[in-house]
$ cat entry.cif   # mmCIF, C-alpha atoms
data_work
#
loop_
_atom_site.label_atom_id
_atom_site.label_comp_id
_atom_site.auth_asym_id
_atom_site.auth_seq_id
_atom_site.Cartn_x
_atom_site.Cartn_y
_atom_site.Cartn_z
CA MET A 1 68.42 -70.39 18.72
CA SER A 2 68.48 -66.99 20.31
CA PRO A 3 65.35 -65.86 22.11
CA THR A 4 63.14 -63.57 20.11
CA ILE A 5 63.10 -60.06 21.43
CA VAL A 6 59.65 -58.60 21.20
CA ARG A 7 59.89 -54.88 20.78
CA GLN A 8 56.86 -53.04 21.95
CA SER A 9 56.16 -50.06 19.76
CA PRO A 10 55.39 -46.86 21.64
CA PRO A 11 51.73 -46.02 22.02
CA GLN A 12 50.25 -43.72 19.42
CA TRP A 13 48.49 -41.70 22.05
CA SER A 14 50.06 -39.34 24.52
CA LEU A 15 51.54 -40.69 27.71
CA LYS A 16 50.59 -37.39 29.24
CA SER A 17 46.90 -37.94 28.53
CA SER A 18 44.91 -36.26 31.21
CA THR A 19 41.63 -34.71 31.89
CA THR A 20 41.23 -31.04 32.18
CA LYS A 21 42.34 -29.45 35.41
CA TRP A 22 40.46 -26.32 34.53
CA ASN A 23 37.00 -25.91 35.94
CA ILE A 24 34.52 -23.39 34.72
CA GLU A 25 34.99 -21.10 37.66
CA LEU A 26 34.50 -17.73 36.09
CA THR A 27 34.18 -14.91 38.57
CA PRO A 28 32.35 -11.64 37.98
CA GLY A 29 34.63 -8.73 37.21
CA PRO A 30 34.08 -5.06 36.41
CA TYR A 31 30.59 -3.91 35.53
CA TRP A 32 29.84 -0.98 33.23
CA THR A 33 26.36 0.43 32.90
CA SER A 34 26.98 2.18 29.58
CA PHE A 35 29.41 2.04 26.68
CA GLU A 36 30.46 5.61 27.47
CA GLN A 37 31.49 4.60 30.98
CA PHE A 38 33.46 1.67 29.53
CA ARG A 39 35.12 3.88 26.89
CA ARG A 40 36.14 6.57 29.38
CA GLY A 41 37.98 3.94 31.42
CA GLY A 42 40.37 3.18 28.54
CA GLN A 43 42.86 0.32 28.50
CA SER A 44 43.17 0.20 32.29
CA VAL A 45 39.61 -1.10 32.73
CA LEU A 46 40.40 -4.03 30.47
CA ASP A 47 43.46 -4.83 32.56
CA GLU A 48 41.09 -5.36 35.48
CA ILE A 49 39.70 -8.40 33.69
CA HIS A 50 42.11 -11.01 35.01
CA PRO A 51 42.24 -14.64 33.81
CA GLY A 52 39.07 -16.41 34.99
CA CYS A 53 37.21 -13.13 35.36
CA VAL A 54 34.28 -11.83 33.27
CA GLY A 55 33.50 -8.17 32.77
CA THR A 56 29.96 -7.04 32.02
CA LEU A 57 28.99 -4.17 29.77
CA ARG A 58 25.36 -3.24 29.79
CA SER A 59 24.47 -1.03 26.84
CA LYS A 60 21.11 0.29 25.73
CA THR A 61 20.58 -2.56 23.29
CA ALA A 62 22.17 -5.58 24.96
CA THR A 63 24.42 -6.91 27.69
CA PHE A 64 27.93 -8.01 26.71
CA ARG A 65 30.35 -10.23 28.58
CA ILE A 66 34.06 -9.54 28.18
CA LEU A 67 36.67 -12.16 29.00
CA ARG A 68 40.29 -12.93 28.16
CA ASP A 69 40.87 -14.94 25.00
CA GLU A 70 42.52 -17.81 26.90
CA ASP A 71 39.30 -18.26 28.93
CA PHE A 72 37.20 -17.97 25.77
CA GLN A 73 39.28 -20.65 24.02
CA ARG A 74 38.89 -22.96 27.04
CA LEU A 75 35.12 -22.52 26.95
CA VAL A 76 34.93 -23.25 23.22
CA GLY A 77 37.22 -26.27 23.69
CA LEU A 78 35.02 -27.66 26.45
CA ALA A 79 31.95 -27.05 24.30
CA SER A 80 33.47 -29.21 21.57
CA ASP A 81 33.99 -32.00 24.11
CA VAL A 82 30.40 -31.68 25.27
CA ASN A 83 29.37 -32.23 21.66
CA ARG A 84 31.40 -35.44 21.62
CA LEU A 85 29.69 -36.61 24.80
CA LYS A 86 26.29 -35.83 23.35
CA HIS A 87 26.98 -38.29 20.53
CA GLY A 88 27.81 -40.97 23.12
CA PHE A 89 24.61 -40.35 25.05
CA THR A 90 22.56 -40.41 21.85
CA LEU A 91 23.87 -43.92 21.21
CA VAL A 92 22.86 -45.05 24.72
CA LEU A 93 19.41 -43.48 24.37
CA GLN A 94 18.84 -45.29 21.07
CA ALA A 95 19.93 -48.56 22.64
CA VAL A 96 17.48 -47.99 25.54
CA LYS A 97 14.61 -47.35 23.10
CA VAL A 98 15.43 -50.47 21.08
CA ALA A 99 15.67 -52.59 24.26
CA HIS A 100 12.37 -51.19 25.50
CA LYS A 101 10.63 -51.92 22.21
CA HIS A 102 12.26 -55.35 21.67
CA PRO A 103 13.16 -56.78 25.09
CA GLU A 104 15.41 -59.57 23.83
CA GLU A 105 18.84 -60.85 24.73
CA ASP A 106 20.53 -59.13 21.76
CA THR A 107 19.04 -55.71 22.41
CA PHE A 108 19.93 -55.87 26.13
CA LYS A 109 23.47 -56.81 25.13
CA LEU A 110 23.57 -53.78 22.81
CA LEU A 111 22.39 -51.58 25.66
CA PHE A 112 24.94 -53.08 28.03
CA ASP A 113 27.76 -52.59 25.49
CA SER A 114 26.88 -48.99 24.72
CA VAL A 115 26.68 -48.09 28.42
CA SER A 116 30.01 -49.86 28.97
CA LEU A 117 31.57 -47.74 26.23
CA LEU A 118 30.80 -44.63 28.21
CA GLY A 119 31.56 -46.30 31.52
CA ASP A 120 35.04 -47.31 30.35
CA SER A 121 35.79 -43.74 29.46
CA PRO A 122 34.07 -41.45 31.94
CA VAL A 123 36.42 -38.66 30.99
CA LEU A 124 37.62 -37.49 27.62
CA PRO A 125 41.29 -37.69 26.73
CA GLU A 126 43.32 -34.52 26.58
CA ARG A 127 46.96 -33.65 26.39
CA ASP A 128 48.62 -30.53 27.69
CA GLY A 129 50.37 -28.71 24.84
CA HIS A 130 52.33 -30.09 21.91
CA GLY A 131 55.45 -31.31 23.68
CA GLU A 132 59.05 -30.51 22.88
CA PHE A 133 60.73 -30.23 19.50
CA GLU A 134 63.34 -32.97 19.49
CA ILE A 135 66.31 -33.65 17.28
CA ASP A 136 67.73 -37.04 16.40
CA GLU A 137 71.28 -38.31 16.29
CA GLY A 138 70.95 -38.37 12.52
CA ASP A 139 70.20 -34.66 12.28
CA ASN A 140 73.29 -33.03 10.94
CA SER A 141 73.49 -29.75 12.79
CA GLU A 142 76.20 -27.45 14.04
CA THR A 143 76.07 -25.61 17.31
CA ASP A 144 77.23 -22.10 16.58
CA ALA A 145 74.19 -20.69 18.38
CA ASP A 146 74.68 -22.16 21.85
CA SER A 147 75.27 -18.77 23.36
CA ILE A 148 72.06 -17.20 22.09
CA LYS A 149 69.76 -16.16 24.94
CA ALA A 150 66.04 -15.76 24.50
CA SER A 151 66.34 -12.14 25.61
CA GLU A 152 68.72 -11.49 22.68
CA VAL A 153 66.44 -12.99 20.03
CA PRO A 154 64.80 -10.30 17.90
CA ARG A 155 61.02 -10.52 18.15
CA PRO A 156 58.86 -9.29 15.30
CA SER A 157 56.43 -6.75 16.73
CA LEU A 158 53.60 -7.58 14.28
CA LYS A 159 52.24 -4.05 14.40
CA MET X 1 45.08 -43.81 -28.01
CA ARG X 2 43.96 -43.43 -24.39
CA ASP X 3 47.31 -44.76 -23.13
CA ASN X 4 49.24 -42.28 -25.26
CA VAL X 5 47.21 -39.33 -24.04
CA LEU X 6 47.67 -40.32 -20.39
CA LYS X 7 51.37 -40.96 -20.96
CA ARG X 8 51.73 -37.40 -22.26
CA LEU X 9 49.96 -36.12 -19.15
CA GLU X 10 52.26 -38.15 -16.92
CA ASP X 11 55.31 -36.78 -18.79
CA THR X 12 54.08 -33.24 -18.17
CA LEU X 13 53.38 -33.83 -14.48
CA ARG X 14 56.63 -35.68 -13.77
CA SER X 15 58.67 -32.58 -12.99
CA LEU X 16 55.79 -30.79 -11.27
CA SER X 17 53.75 -33.08 -9.04
CA HIS X 18 56.46 -34.40 -6.70
CA SER X 19 59.07 -31.73 -7.12
CA GLU X 20 61.48 -31.02 -4.25
CA GLU X 21 62.86 -27.95 -5.99
CA ALA X 22 61.13 -25.38 -3.78
CA LEU X 23 62.53 -26.85 -0.56
CA LYS X 24 65.99 -27.11 -2.11
CA LYS X 25 65.86 -23.42 -3.03
CA ILE X 26 64.91 -22.48 0.55
CA ARG X 27 67.83 -24.50 1.91
CA GLU X 28 70.26 -23.00 -0.59
CA PHE X 29 69.08 -19.48 0.27
CA SER X 30 69.49 -19.99 4.00
CA GLY X 31 72.76 -21.89 3.57
CA ASP X 32 74.27 -18.85 1.86
CA LEU X 33 73.76 -16.74 4.99
CA ARG X 34 76.75 -16.49 7.34
CA ASP X 35 75.56 -18.05 10.59
CA THR X 36 72.62 -18.60 12.92
CA LYS X 37 72.57 -14.99 14.13
CA GLU X 38 72.45 -13.62 10.60
CA ARG X 39 69.68 -16.05 9.65
CA MET X 40 67.76 -15.16 12.77
CA ALA X 41 68.12 -11.44 12.16
CA LEU X 42 66.74 -11.87 8.64
CA PHE X 43 63.86 -14.25 9.33
CA ASN X 44 62.84 -12.61 12.62
CA ALA X 45 62.61 -9.11 11.18
CA ASP X 46 59.19 -7.51 11.30
CA GLY X 47 57.13 -8.77 8.37
CA ALA X 48 59.84 -11.15 7.14
CA ILE X 49 58.06 -14.51 7.60
CA VAL X 50 55.22 -13.48 9.89
CA ARG X 51 53.15 -10.33 10.06
CA SER X 52 50.11 -9.05 11.93
CA PRO X 53 46.92 -10.93 11.02
CA ILE X 54 45.70 -9.76 7.62
CA GLN X 55 42.23 -8.26 8.05
CA THR X 56 39.50 -8.36 5.45
CA GLU X 57 39.01 -4.59 5.94
CA GLN X 58 42.61 -3.98 4.85
CA THR X 59 42.30 -6.03 1.68
CA ARG X 60 38.91 -4.51 0.89
CA GLU X 61 40.47 -1.05 0.91
CA LEU X 62 42.98 -2.31 -1.64
CA GLY X 63 40.23 -3.34 -4.04
CA PHE X 64 39.77 -6.97 -3.05
CA ASP X 65 36.10 -6.50 -2.35
CA GLY X 66 34.50 -9.20 -4.50
CA GLU X 67 32.20 -11.86 -3.13
CA ASP X 68 35.03 -14.42 -2.99
CA ASP X 69 37.49 -12.00 -1.38
CA HIS X 70 35.88 -12.08 2.07
CA PHE X 71 37.70 -14.19 4.65
CA VAL X 72 37.85 -14.86 8.37
CA LEU X 73 41.15 -16.73 8.30
CA LEU X 74 43.86 -17.36 5.75
CA GLN X 75 45.99 -20.39 5.01
CA GLY X 76 49.15 -20.26 7.12
CA ASP X 77 47.63 -18.11 9.88
CA VAL X 78 49.10 -18.81 13.31
CA VAL X 79 46.19 -19.38 15.70
CA SER X 80 45.60 -20.44 19.27
CA THR X 81 42.67 -22.67 20.19
CA GLU X 82 41.75 -25.43 22.65
CA SER X 83 39.35 -27.07 20.20
CA GLY X 84 41.94 -28.95 18.14
CA TYR X 85 42.36 -32.74 18.32
CA PHE X 86 45.41 -34.90 17.77
CA LEU X 87 44.91 -38.67 17.64
CA GLY X 88 41.61 -38.32 19.47
CA GLU X 89 42.94 -36.13 22.24
CA ARG X 90 41.94 -32.50 22.69
CA ILE X 91 44.96 -30.30 23.13
CA THR X 92 44.75 -27.92 26.08
CA GLY X 93 47.19 -25.37 27.50
CA ASN X 94 46.70 -22.57 24.95
CA PRO X 95 48.43 -24.41 22.08
CA LYS X 96 49.40 -22.76 18.79
CA TYR X 97 48.74 -24.07 15.30
CA VAL X 98 49.14 -23.06 11.67
CA VAL X 99 46.12 -23.44 9.41
CA LEU X 100 46.82 -25.94 6.63
CA ASN X 101 43.65 -25.59 4.57
CA SER X 102 43.55 -23.41 1.49
CA SER X 103 42.14 -19.97 2.21
CA CYS X 104 39.20 -20.64 -0.11
CA ASP X 105 38.14 -23.55 2.15
CA LEU X 106 38.16 -21.34 5.23
CA VAL X 107 35.01 -19.43 4.41
CA PRO X 108 32.22 -19.97 6.99
CA ASN X 109 29.87 -22.88 6.13
CA ARG X 110 32.03 -24.16 3.25
CA ARG X 111 33.81 -27.08 4.98
CA LYS X 112 32.91 -28.97 8.16
CA CYS X 113 36.47 -29.70 9.24
CA ALA X 114 39.85 -28.10 8.89
CA SER X 115 43.42 -29.31 9.28
CA LEU X 116 46.02 -27.74 11.51
CA ALA X 117 49.78 -28.19 11.85
CA ARG X 118 51.07 -28.01 15.41
CA VAL X 119 53.38 -25.18 16.41
CA LYS X 120 55.93 -26.20 19.04
CA GLU X 121 58.13 -23.85 21.03
CA VAL X 122 61.88 -24.14 21.53
CA ARG X 123 62.70 -22.81 24.99
CA GLU X 124 65.96 -21.59 26.45
CA SER X 125 65.87 -24.25 29.19
CA GLU X 126 65.89 -27.16 26.72
CA GLU X 127 68.98 -29.14 25.77
CA LYS X 128 70.77 -28.67 22.45
CA THR X 129 69.12 -25.36 21.69
CA GLY X 130 72.07 -24.30 19.55
CA ALA X 131 71.80 -27.44 17.42
CA LYS X 132 68.04 -27.02 17.17
CA LEU X 133 68.31 -23.42 16.00
CA ASP X 134 70.98 -24.33 13.47
CA LEU X 135 68.89 -27.20 12.13
CA LEU X 136 65.72 -25.14 11.89
CA LEU X 137 67.22 -21.96 10.48
CA ARG X 138 68.87 -23.93 7.69
CA PHE X 139 65.53 -25.69 7.06
CA LYS X 140 67.25 -29.05 7.07
CA ARG X 141 64.31 -31.04 8.48
CA SER X 142 61.57 -31.41 5.90
CA ASP X 143 58.96 -32.03 8.61
CA SER X 144 59.77 -28.89 10.62
CA MET X 145 59.66 -25.27 9.50
CA TYR X 146 61.26 -22.45 11.48
CA LEU X 147 58.95 -19.75 12.74
CA PRO X 148 60.19 -16.75 14.74
CA VAL X 149 59.29 -16.19 18.37
CA LEU X 150 56.00 -14.27 18.49
CA PRO X 151 55.27 -11.09 20.46
CA ASN X 152 53.16 -12.71 23.17
CA ASP X 153 55.32 -15.82 23.61
CA ARG X 154 56.79 -16.30 27.06
CA PRO X 155 60.21 -14.71 27.66
CA GLU X 156 62.07 -18.06 27.61
CA VAL X 157 60.94 -18.92 24.06
CA LEU X 158 63.74 -18.89 21.47
CA CYS X 159 61.68 -19.74 18.41
CA ASN X 160 58.68 -21.68 17.15
CA VAL X 161 58.52 -24.71 14.88
CA ILE X 162 55.74 -25.76 12.53
CA ASP X 163 55.55 -29.53 12.98
CA PHE X 164 54.31 -31.35 9.89
CA ASP X 165 54.60 -34.78 11.50
CA GLY X 166 50.95 -35.47 12.24
CA ILE X 167 47.99 -33.31 11.40
CA CYS X 168 45.39 -32.05 13.87
CA GLN X 169 41.71 -31.63 13.14
CA ILE X 170 39.21 -29.03 14.19
CA GLN X 171 35.61 -28.23 13.35
CA SER X 172 35.53 -25.26 11.01
CA GLY X 173 33.09 -23.40 13.25
CA HIS X 174 35.50 -23.63 16.18
CA LEU X 175 38.44 -22.60 14.02
CA MET X 176 36.62 -19.39 13.09
CA LEU X 177 36.63 -18.56 16.83
CA ALA X 178 40.34 -19.23 17.30
CA ASN X 179 42.64 -16.43 18.36
CA ARG X 180 44.53 -15.19 15.29
CA ILE X 181 48.05 -14.46 16.42
CA ALA X 182 49.75 -13.79 13.09
CA SER X 183 49.52 -14.26 9.35
CA LEU X 184 52.39 -15.39 7.18
CA SER X 185 54.04 -12.85 4.91
CA LEU X 186 53.98 -13.54 1.17
CA VAL X 187 57.37 -15.25 1.23
CA GLY X 188 56.49 -17.00 4.51
CA TRP X 189 53.34 -18.34 2.88
CA ARG X 190 55.33 -19.63 -0.11
CA MET X 191 57.85 -21.31 2.19
CA PHE X 192 55.00 -22.88 4.18
CA ALA X 193 53.40 -24.18 0.97
CA SER X 194 56.75 -25.62 -0.13
CA PHE X 195 56.99 -27.59 3.12
CA SER X 196 53.36 -28.73 3.12
CA ARG X 197 53.52 -29.91 -0.47
CA PHE X 198 56.78 -31.69 0.12
CA VAL X 199 55.46 -33.46 3.23
CA LEU X 200 52.23 -34.54 1.52
CA THR X 201 53.63 -35.60 -1.84
CA ARG X 202 57.24 -36.53 -1.17
CA ALA X 203 58.26 -39.59 -3.13
CA ASN X 204 61.32 -41.70 -3.42
CA PRO X 205 62.46 -41.77 -7.11
CA ARG X 206 62.33 -45.55 -6.85
CA GLU X 207 58.59 -45.34 -6.36
CA ALA X 208 58.09 -43.76 -9.78
CA GLU X 209 60.28 -46.48 -11.33
CA MET X 210 58.38 -49.16 -9.42
CA ARG X 211 55.00 -47.85 -10.57
CA GLN X 212 56.21 -47.53 -14.16
CA ALA X 213 57.55 -51.09 -14.09
CA ILE X 214 54.33 -52.52 -12.68
CA GLU X 215 52.24 -50.74 -15.32
CA GLN X 216 54.49 -51.91 -18.13
CA HIS X 217 54.39 -55.42 -16.73
CA SER X 218 50.58 -55.33 -16.41
CA GLY X 219 50.32 -53.97 -19.96
CA ALA X 220 52.57 -56.75 -21.28
CA GLY X 221 50.58 -59.31 -19.34
CA SER X 222 47.21 -58.15 -20.66
CA SER X 223 48.21 -57.98 -24.33
#

$ encode --input "entry.cif" --output "structure tokens"
Amino acid sequence: MSPTIVRQSPPQWSLKSSTTKWNIELTPGPYWTSFEQFRRGGQSVLDEIHPGCVGTLRSKTATFRILRDEDFQRLVGLASDVNRLKHGFTLVLQAVKVAHKHPEEDTFKLLFDSVSLLGDSPVLPERDGHGEFEIDEGDNSETDADSIKASEVPRPSLK
Amino acid sequence: MRDNVLKRLEDTLRSLSHSEEALKKIREFSGDLRDTKERMALFNADGAIVRSPIQTEQTRELGFDGEDDHFVLLQGDVVSTESGYFLGERITGNPKYVVLNSSCDLVPNRRKCASLARVKEVRESEEKTGAKLDLLLRFKRSDSMYLPVLPNDRPEVLCNVIDFDGICQIQSGHLMLANRIASLSLVGWRMFASFSRFVLTRANPREAEMRQAIEQHSGAGSS
């Protein structure tokens, strides 16, 4: 009888799982004391707002912060992770309250388990980008486009 | 009586609910074009599949100013966000997506969550780029729809791909804050819908036969 070969199926999660390498290190950028001053500067003043940099516009009614969209998206993304963490901490807090009110073996076990859940995963899983588009052997394709360079590809301007 | 009525409904739906016709038509259309360069020239033209994000101000000027006409995003919009999740992992690195939800679900406070299809890039440095472009521009993979390179993509990007293999999730509130990169044109939107419907409702003809057989068998058994 031939030995059984156990095939391990690939994990469903990303092998590139990581935690964010981006820290919230926003630095202060240009500062405008009126909208008129900001407007007179034109496009060039916006170019001074580099990635990781926050411009400040102080108008008569309020103060506005201006940052690049990539930084904004990172902040919103981190905020969504913070929400996830809050749910985890809520669970631990509830377990603490129950253990305090009913100091029994079961409630301490619940507290221990809920803290362990967070302890096992002190960081939240992330993956960098979507990965590569891959084709299979079974994909029936021809290769008449091998010579196409990215610089030759027409780009829609979307204006 | 009830069985007859439902049978008539099933007869009516048979050619509609799981139809592959739309995807076949797209493949036929693209197959009739000469080669990859001609396909690329057509689908990459300004406004061909993608266009600048459609703004509610623009549509309002054209008379679409009713209560239900207001929108922040539309189905098929290409967006960038770091608040999307795939299999429990948050995707970082400025990733792109296409919005799967119907436009009417994308109104603020209507739905808690939204679904996104991932947009992958094909880059010049990758292997088999010619084969990939050929495959995508002839729309031969039902789980992958060709999307042109977009204006702010890095110089080495040859094209984009909407990946229907696996759906991402995002909270609607975060989606409303995503960076809208492009909207789909009318024909682009119809092509996108053809792919999404096919991916979600594709069925092997044997499945219909199998279900019919099991219902007939159950009916015979119960009588």

$ closest_residue --input "entry.cif" --among "X:Arg2, X:Arg51, X:Arg34, X:Lys112" --to "chain A" --atoms "only C-alpha atoms"
X:Arg51

$ closest_residue --input "entry.cif" --among "X:Lys132, X:His217, X:His174, X:Arg180" --to "Thr36 in chain X" --atoms "only C-alpha atoms"
X:Lys132

$ closest_atom_pairs --input "entry.cif" --of "chain X" --to "chain A" --cutoff "8 Å" --atoms "only C-alpha atoms" --output "Markdown table"
| residue | atom | partner | partner_atom | distance |
| --- | --- | --- | --- | --- |
| X:Asp35 | CA | A:Asp144 | CA | 7.4 |
| X:Thr36 | CA | A:Ala145 | CA | 6.1 |
| X:Lys37 | CA | A:Ala145 | CA | 7.3 |
| X:Met40 | CA | A:Pro154 | CA | 7.7 |
| X:Ala41 | CA | A:Pro154 | CA | 6.7 |
| X:Asn44 | CA | A:Pro156 | CA | 5.8 |
| X:Ala45 | CA | A:Pro156 | CA | 5.6 |
| X:Asp46 | CA | A:Pro156 | CA | 4.4 |
| X:Gly47 | CA | A:Leu158 | CA | 7.0 |
| X:Val50 | CA | A:Leu158 | CA | 7.5 |
| X:Arg51 | CA | A:Leu158 | CA | 5.1 |
| X:Ser52 | CA | A:Leu158 | CA | 4.5 |
| X:Ser80 | CA | A:Gln73 | CA | 7.9 |
| X:Thr81 | CA | A:Gln73 | CA | 5.5 |
| X:Glu82 | CA | A:Gly77 | CA | 4.7 |
| X:Ser83 | CA | A:Gly77 | CA | 4.2 |
| X:Gly84 | CA | A:Gly77 | CA | 7.8 |
| X:Leu87 | CA | A:Trp13 | CA | 6.4 |
| X:Gly88 | CA | A:Pro125 | CA | 7.3 |
| X:Glu89 | CA | A:Glu126 | CA | 4.6 |
| X:Arg90 | CA | A:Glu126 | CA | 4.6 |
| X:Ile91 | CA | A:Arg127 | CA | 5.1 |
| X:Thr92 | CA | A:Asp128 | CA | 4.9 |
| X:Gly93 | CA | A:Gly129 | CA | 5.3 |
| X:Asn94 | CA | A:Glu70 | CA | 6.6 |
| X:Pro95 | CA | A:Gly129 | CA | 5.5 |
| X:Arg118 | CA | A:His130 | CA | 6.9 |
| X:Val119 | CA | A:His130 | CA | 7.4 |
| X:Lys120 | CA | A:His130 | CA | 6.0 |
| X:Glu121 | CA | A:Glu132 | CA | 7.0 |
| X:Val122 | CA | A:Phe133 | CA | 6.5 |
| X:Arg123 | CA | A:Ala150 | CA | 7.8 |
| X:Glu124 | CA | A:Ala150 | CA | 6.1 |
| X:Lys128 | CA | A:Asp146 | CA | 7.6 |
| X:Thr129 | CA | A:Asp146 | CA | 6.4 |
| X:Gly130 | CA | A:Asp146 | CA | 4.1 |
| X:Ala131 | CA | A:Thr143 | CA | 4.6 |
| X:Lys132 | CA | A:Ile135 | CA | 6.9 |
| X:Leu133 | CA | A:Ala145 | CA | 6.9 |
| X:Asp134 | CA | A:Ser141 | CA | 6.0 |
| X:Leu135 | CA | A:Ser141 | CA | 5.3 |
| X:Arg141 | CA | A:Asp139 | CA | 7.9 |
| X:Pro148 | CA | A:Arg155 | CA | 7.2 |
| X:Val149 | CA | A:Arg155 | CA | 5.9 |
| X:Leu150 | CA | A:Arg155 | CA | 6.3 |
| X:Pro151 | CA | A:Ser157 | CA | 5.8 |
| X:Pro155 | CA | A:Ala150 | CA | 6.7 |
| X:Glu156 | CA | A:Ala150 | CA | 5.5 |
| X:Val157 | CA | A:Ala150 | CA | 6.0 |
| X:Leu158 | CA | A:Ala150 | CA | 4.9 |
| X:Val161 | CA | A:Phe133 | CA | 7.5 |
| X:His174 | CA | A:Val76 | CA | 7.1 |
| X:Leu177 | CA | A:Gln73 | CA | 7.9 |
| X:Ala178 | CA | A:Gln73 | CA | 6.9 |
| X:Asn179 | CA | A:Asp69 | CA | 7.0 |
| X:Ala182 | CA | A:Leu158 | CA | 7.4 |

$ write_last_selection --input "entry.cif" --atoms "C-alpha atoms" --output "PDB file, in the coordinates of the input"
ATOM      1  CA  ASP X  35      75.560 -18.050  10.590  1.00  0.00           C
ATOM      2  CA  THR X  36      72.620 -18.600  12.920  1.00  0.00           C
ATOM      3  CA  LYS X  37      72.570 -14.990  14.130  1.00  0.00           C
ATOM      4  CA  MET X  40      67.760 -15.160  12.770  1.00  0.00           C
ATOM      5  CA  ALA X  41      68.120 -11.440  12.160  1.00  0.00           C
ATOM      6  CA  ASN X  44      62.840 -12.610  12.620  1.00  0.00           C
ATOM      7  CA  ALA X  45      62.610  -9.110  11.180  1.00  0.00           C
ATOM      8  CA  ASP X  46      59.190  -7.510  11.300  1.00  0.00           C
ATOM      9  CA  GLY X  47      57.130  -8.770   8.370  1.00  0.00           C
ATOM     10  CA  VAL X  50      55.220 -13.480   9.890  1.00  0.00           C
ATOM     11  CA  ARG X  51      53.150 -10.330  10.060  1.00  0.00           C
ATOM     12  CA  SER X  52      50.110  -9.050  11.930  1.00  0.00           C
ATOM     13  CA  SER X  80      45.600 -20.440  19.270  1.00  0.00           C
ATOM     14  CA  THR X  81      42.670 -22.670  20.190  1.00  0.00           C
ATOM     15  CA  GLU X  82      41.750 -25.430  22.650  1.00  0.00           C
ATOM     16  CA  SER X  83      39.350 -27.070  20.200  1.00  0.00           C
ATOM     17  CA  GLY X  84      41.940 -28.950  18.140  1.00  0.00           C
ATOM     18  CA  LEU X  87      44.910 -38.670  17.640  1.00  0.00           C
ATOM     19  CA  GLY X  88      41.610 -38.320  19.470  1.00  0.00           C
ATOM     20  CA  GLU X  89      42.940 -36.130  22.240  1.00  0.00           C
ATOM     21  CA  ARG X  90      41.940 -32.500  22.690  1.00  0.00           C
ATOM     22  CA  ILE X  91      44.960 -30.300  23.130  1.00  0.00           C
ATOM     23  CA  THR X  92      44.750 -27.920  26.080  1.00  0.00           C
ATOM     24  CA  GLY X  93      47.190 -25.370  27.500  1.00  0.00           C
ATOM     25  CA  ASN X  94      46.700 -22.570  24.950  1.00  0.00           C
ATOM     26  CA  PRO X  95      48.430 -24.410  22.080  1.00  0.00           C
ATOM     27  CA  ARG X 118      51.070 -28.010  15.410  1.00  0.00           C
ATOM     28  CA  VAL X 119      53.380 -25.180  16.410  1.00  0.00           C
ATOM     29  CA  LYS X 120      55.930 -26.200  19.040  1.00  0.00           C
ATOM     30  CA  GLU X 121      58.130 -23.850  21.030  1.00  0.00           C
ATOM     31  CA  VAL X 122      61.880 -24.140  21.530  1.00  0.00           C
ATOM     32  CA  ARG X 123      62.700 -22.810  24.990  1.00  0.00           C
ATOM     33  CA  GLU X 124      65.960 -21.590  26.450  1.00  0.00           C
ATOM     34  CA  LYS X 128      70.770 -28.670  22.450  1.00  0.00           C
ATOM     35  CA  THR X 129      69.120 -25.360  21.690  1.00  0.00           C
ATOM     36  CA  GLY X 130      72.070 -24.300  19.550  1.00  0.00           C
ATOM     37  CA  ALA X 131      71.800 -27.440  17.420  1.00  0.00           C
ATOM     38  CA  LYS X 132      68.040 -27.020  17.170  1.00  0.00           C
ATOM     39  CA  LEU X 133      68.310 -23.420  16.000  1.00  0.00           C
ATOM     40  CA  ASP X 134      70.980 -24.330  13.470  1.00  0.00           C
ATOM     41  CA  LEU X 135      68.890 -27.200  12.130  1.00  0.00           C
ATOM     42  CA  ARG X 141      64.310 -31.040   8.480  1.00  0.00           C
ATOM     43  CA  PRO X 148      60.190 -16.750  14.740  1.00  0.00           C
ATOM     44  CA  VAL X 149      59.290 -16.190  18.370  1.00  0.00           C
ATOM     45  CA  LEU X 150      56.000 -14.270  18.490  1.00  0.00           C
ATOM     46  CA  PRO X 151      55.270 -11.090  20.460  1.00  0.00           C
ATOM     47  CA  PRO X 155      60.210 -14.710  27.660  1.00  0.00           C
ATOM     48  CA  GLU X 156      62.070 -18.060  27.610  1.00  0.00           C
ATOM     49  CA  VAL X 157      60.940 -18.920  24.060  1.00  0.00           C
ATOM     50  CA  LEU X 158      63.740 -18.890  21.470  1.00  0.00           C
ATOM     51  CA  VAL X 161      58.520 -24.710  14.880  1.00  0.00           C
ATOM     52  CA  HIS X 174      35.500 -23.630  16.180  1.00  0.00           C
ATOM     53  CA  LEU X 177      36.630 -18.560  16.830  1.00  0.00           C
ATOM     54  CA  ALA X 178      40.340 -19.230  17.300  1.00  0.00           C
ATOM     55  CA  ASN X 179      42.640 -16.430  18.360  1.00  0.00           C
ATOM     56  CA  ALA X 182      49.750 -13.790  13.090  1.00  0.00           C
TER      57      ALA X 182
END

$ atom_distance --input "entry.cif" --atom1 "CA of Arg14 in chain X" --atom2 "CA of Ala208 in chain X"
9.1 Å

$ atom_distance --input "entry.cif" --atom1 "CA of Gly41 in chain A" --atom2 "CA of Glu57 in chain X"
26.9 Å

$ resolve_selection --input "entry.cif" --expression "the PyMOL selection byres ((chain A and resi 30) around 9)" --output "short mmCIF file (atom, residue, chain, number, x, y, z; two decimals) with C-alpha atoms, in the coordinates of the input"
data_model
loop_
_atom_site.label_atom_id
_atom_site.label_comp_id
_atom_site.auth_asym_id
_atom_site.auth_seq_id
_atom_site.Cartn_x
_atom_site.Cartn_y
_atom_site.Cartn_z
CA PRO A 28 32.35 -11.64 37.98
CA GLY A 29 34.63 -8.73 37.21
CA TYR A 31 30.59 -3.91 35.53
CA TRP A 32 29.84 -0.98 33.23
CA VAL A 45 39.61 -1.10 32.73
CA LEU A 46 40.40 -4.03 30.47
CA GLU A 48 41.09 -5.36 35.48
CA ILE A 49 39.70 -8.40 33.69
CA CYS A 53 37.21 -13.13 35.36
CA VAL A 54 34.28 -11.83 33.27
CA GLY A 55 33.50 -8.17 32.77
CA THR A 56 29.96 -7.04 32.02
CA LEU A 57 28.99 -4.17 29.77
#
